[in-house]
Amino acid sequence: MAGLSQERCEACRVGAPLVTDSEIAELGPQVPDWAILNESERKLQRSFRFKNFAEAIAFTIRVGELAESEKHHPSILTEWGKVTVTWWTHAIRGLHRNDFVMAAKTDAIFAAKTS
């Protein structure tokens, strides 16, 4: 996972290619705790557990700061003791390599908090 978490998001515009099924097969194991949702658009989603709301909010802020620094923004649902993060690329209405990069970076934030 260190590989993906060290990458930077590349600029993504309308018309950029979605990840292929073979790319998902390669990238998915690098973020094994993330589920691929097949809604109207493919998305990556993971829920993170915390002891309380304060820890959940602190994590949400760190993910938000990451999103701003990479200029790639997820959907974040913050609840008491739980944060659900969903990554997908709005411009192409589905998954891009950037989403896997950001999932790995989100995992790294969580790992740093719990270690």
# chains A, B, ... in the order shown; residues from 1 in each chain; ligands from 1
>>> residues_around(residues="Ala16 of chain A", least_positions_apart="4", cutoff="9 Å", atoms="only C-alpha atoms", output="list in words")
Cys12, Ala91, Ile92 and His96 of chain A
>>> select_by_dssp(residues="chain A", states="alpha helix (DSSP H)", output="ChimeraX atom specification")
/A:2-6,21-27,53-70,97-114
>>> write_last_selection(atoms="C-alpha atoms", output="PDB file, in the first residue's frame")
ATOM      1  CA  ALA A   2       2.958   2.341   0.470  1.00  0.00           C
ATOM      2  CA  GLY A   3       3.160   2.713  -3.312  1.00  0.00           C
ATOM      3  CA  LEU A   4      -0.304   4.173  -3.829  1.00  0.00           C
ATOM      4  CA  SER A   5      -0.173   6.323  -0.712  1.00  0.00           C
ATOM      5  CA  GLN A   6       3.023   7.971  -2.012  1.00  0.00           C
ATOM      6  CA  ASP A  21     -11.774  -4.066 -14.591  1.00  0.00           C
ATOM      7  CA  SER A  22      -8.174  -5.284 -14.915  1.00  0.00           C
ATOM      8  CA  GLU A  23      -6.892  -2.092 -13.278  1.00  0.00           C
ATOM      9  CA  ILE A  24      -9.421  -2.564 -10.464  1.00  0.00           C
ATOM     10  CA  ALA A  25      -8.134  -6.113 -10.031  1.00  0.00           C
ATOM     11  CA  GLU A  26      -4.605  -4.704  -9.666  1.00  0.00           C
ATOM     12  CA  LEU A  27      -5.426  -1.690  -7.477  1.00  0.00           C
ATOM     13  CA  PHE A  53     -17.349  11.713  18.240  1.00  0.00           C
ATOM     14  CA  ALA A  54     -14.264  13.842  18.937  1.00  0.00           C
ATOM     15  CA  GLU A  55     -11.969  11.233  17.339  1.00  0.00           C
ATOM     16  CA  ALA A  56     -14.344  10.888  14.395  1.00  0.00           C
ATOM     17  CA  ILE A  57     -14.354  14.667  13.832  1.00  0.00           C
ATOM     18  CA  ALA A  58     -10.554  14.862  14.100  1.00  0.00           C
ATOM     19  CA  PHE A  59     -10.220  12.148  11.436  1.00  0.00           C
ATOM     20  CA  THR A  60     -12.781  13.912   9.238  1.00  0.00           C
ATOM     21  CA  ILE A  61     -10.739  17.115   9.432  1.00  0.00           C
ATOM     22  CA  ARG A  62      -7.523  15.279   8.490  1.00  0.00           C
ATOM     23  CA  VAL A  63      -9.233  13.658   5.483  1.00  0.00           C
ATOM     24  CA  GLY A  64     -10.632  17.064   4.505  1.00  0.00           C
ATOM     25  CA  GLU A  65      -7.168  18.615   4.670  1.00  0.00           C
ATOM     26  CA  LEU A  66      -5.835  15.790   2.502  1.00  0.00           C
ATOM     27  CA  ALA A  67      -8.646  16.337  -0.004  1.00  0.00           C
ATOM     28  CA  GLU A  68      -7.859  20.046  -0.218  1.00  0.00           C
ATOM     29  CA  SER A  69      -4.133  19.432  -0.668  1.00  0.00           C
ATOM     30  CA  GLU A  70      -4.772  16.944  -3.493  1.00  0.00           C
ATOM     31  CA  ARG A  97      -6.676   5.761 -10.327  1.00  0.00           C
ATOM     32  CA  ASN A  98      -6.814   8.931  -8.189  1.00  0.00           C
ATOM     33  CA  ASP A  99      -9.583   7.370  -6.101  1.00  0.00           C
ATOM     34  CA  PHE A 100      -7.403   4.398  -5.204  1.00  0.00           C
ATOM     35  CA  VAL A 101      -4.528   6.768  -4.379  1.00  0.00           C
ATOM     36  CA  MET A 102      -6.795   8.752  -2.070  1.00  0.00           C
ATOM     37  CA  ALA A 103      -8.180   5.600  -0.446  1.00  0.00           C
ATOM     38  CA  ALA A 104      -4.601   4.509   0.335  1.00  0.00           C
ATOM     39  CA  LYS A 105      -3.804   7.971   1.738  1.00  0.00           C
ATOM     40  CA  THR A 106      -6.961   7.833   3.870  1.00  0.00           C
ATOM     41  CA  ASP A 107      -5.875   4.436   5.197  1.00  0.00           C
ATOM     42  CA  ALA A 108      -2.484   5.945   6.057  1.00  0.00           C
ATOM     43  CA  ILE A 109      -4.156   8.728   8.054  1.00  0.00           C
ATOM     44  CA  PHE A 110      -6.176   6.146   9.970  1.00  0.00           C
ATOM     45  CA  ALA A 111      -3.118   3.938  10.561  1.00  0.00           C
ATOM     46  CA  ALA A 112      -1.142   6.920  11.925  1.00  0.00           C
ATOM     47  CA  LYS A 113      -3.988   7.682  14.327  1.00  0.00           C
ATOM     48  CA  THR A 114      -4.207   4.114  15.608  1.00  0.00           C
TER      49      THR A 114
END
>>> closest_residue(among="A:Glu10, A:Thr89, A:Lys71, A:Thr84", to="Arg49 of chain A", atoms="only C-alpha atoms")
A:Thr84
>>> atom_distance(atom1="atom CA of Glu79 of chain A", atom2="atom CA of Lys51 of chain A")
11.2 Å
>>> atom_distance(atom1="atom CA of Arg93 of chain A", atom2="atom CA of Glu41 of chain A")
5.6 Å
>>> select_by_dssp(residues="chain A", states="strand (DSSP E)", output="list in words")
Ala35, Ile36, Leu37, Asn38, Arg42, Lys43, Leu44, Gln45, Arg46, Ser47, Phe48, Arg49, Ser75, Ile76, Leu77, Thr78, Glu79, Lys82, Val83, Thr84, Val85, Thr86 and Trp87 of chain A
>>> atom_distance(atom1="atom CA of Thr78 of chain A", atom2="atom CA of His90 of chain A")
20.6 Å
>>> residues_around(residues="segment 85-88 of chain A", least_positions_apart="2", cutoff="6 Å", atoms="only C-alpha atoms", output="MDAnalysis selection string")
chainID A and resid 43:46 74:76 94:95 99
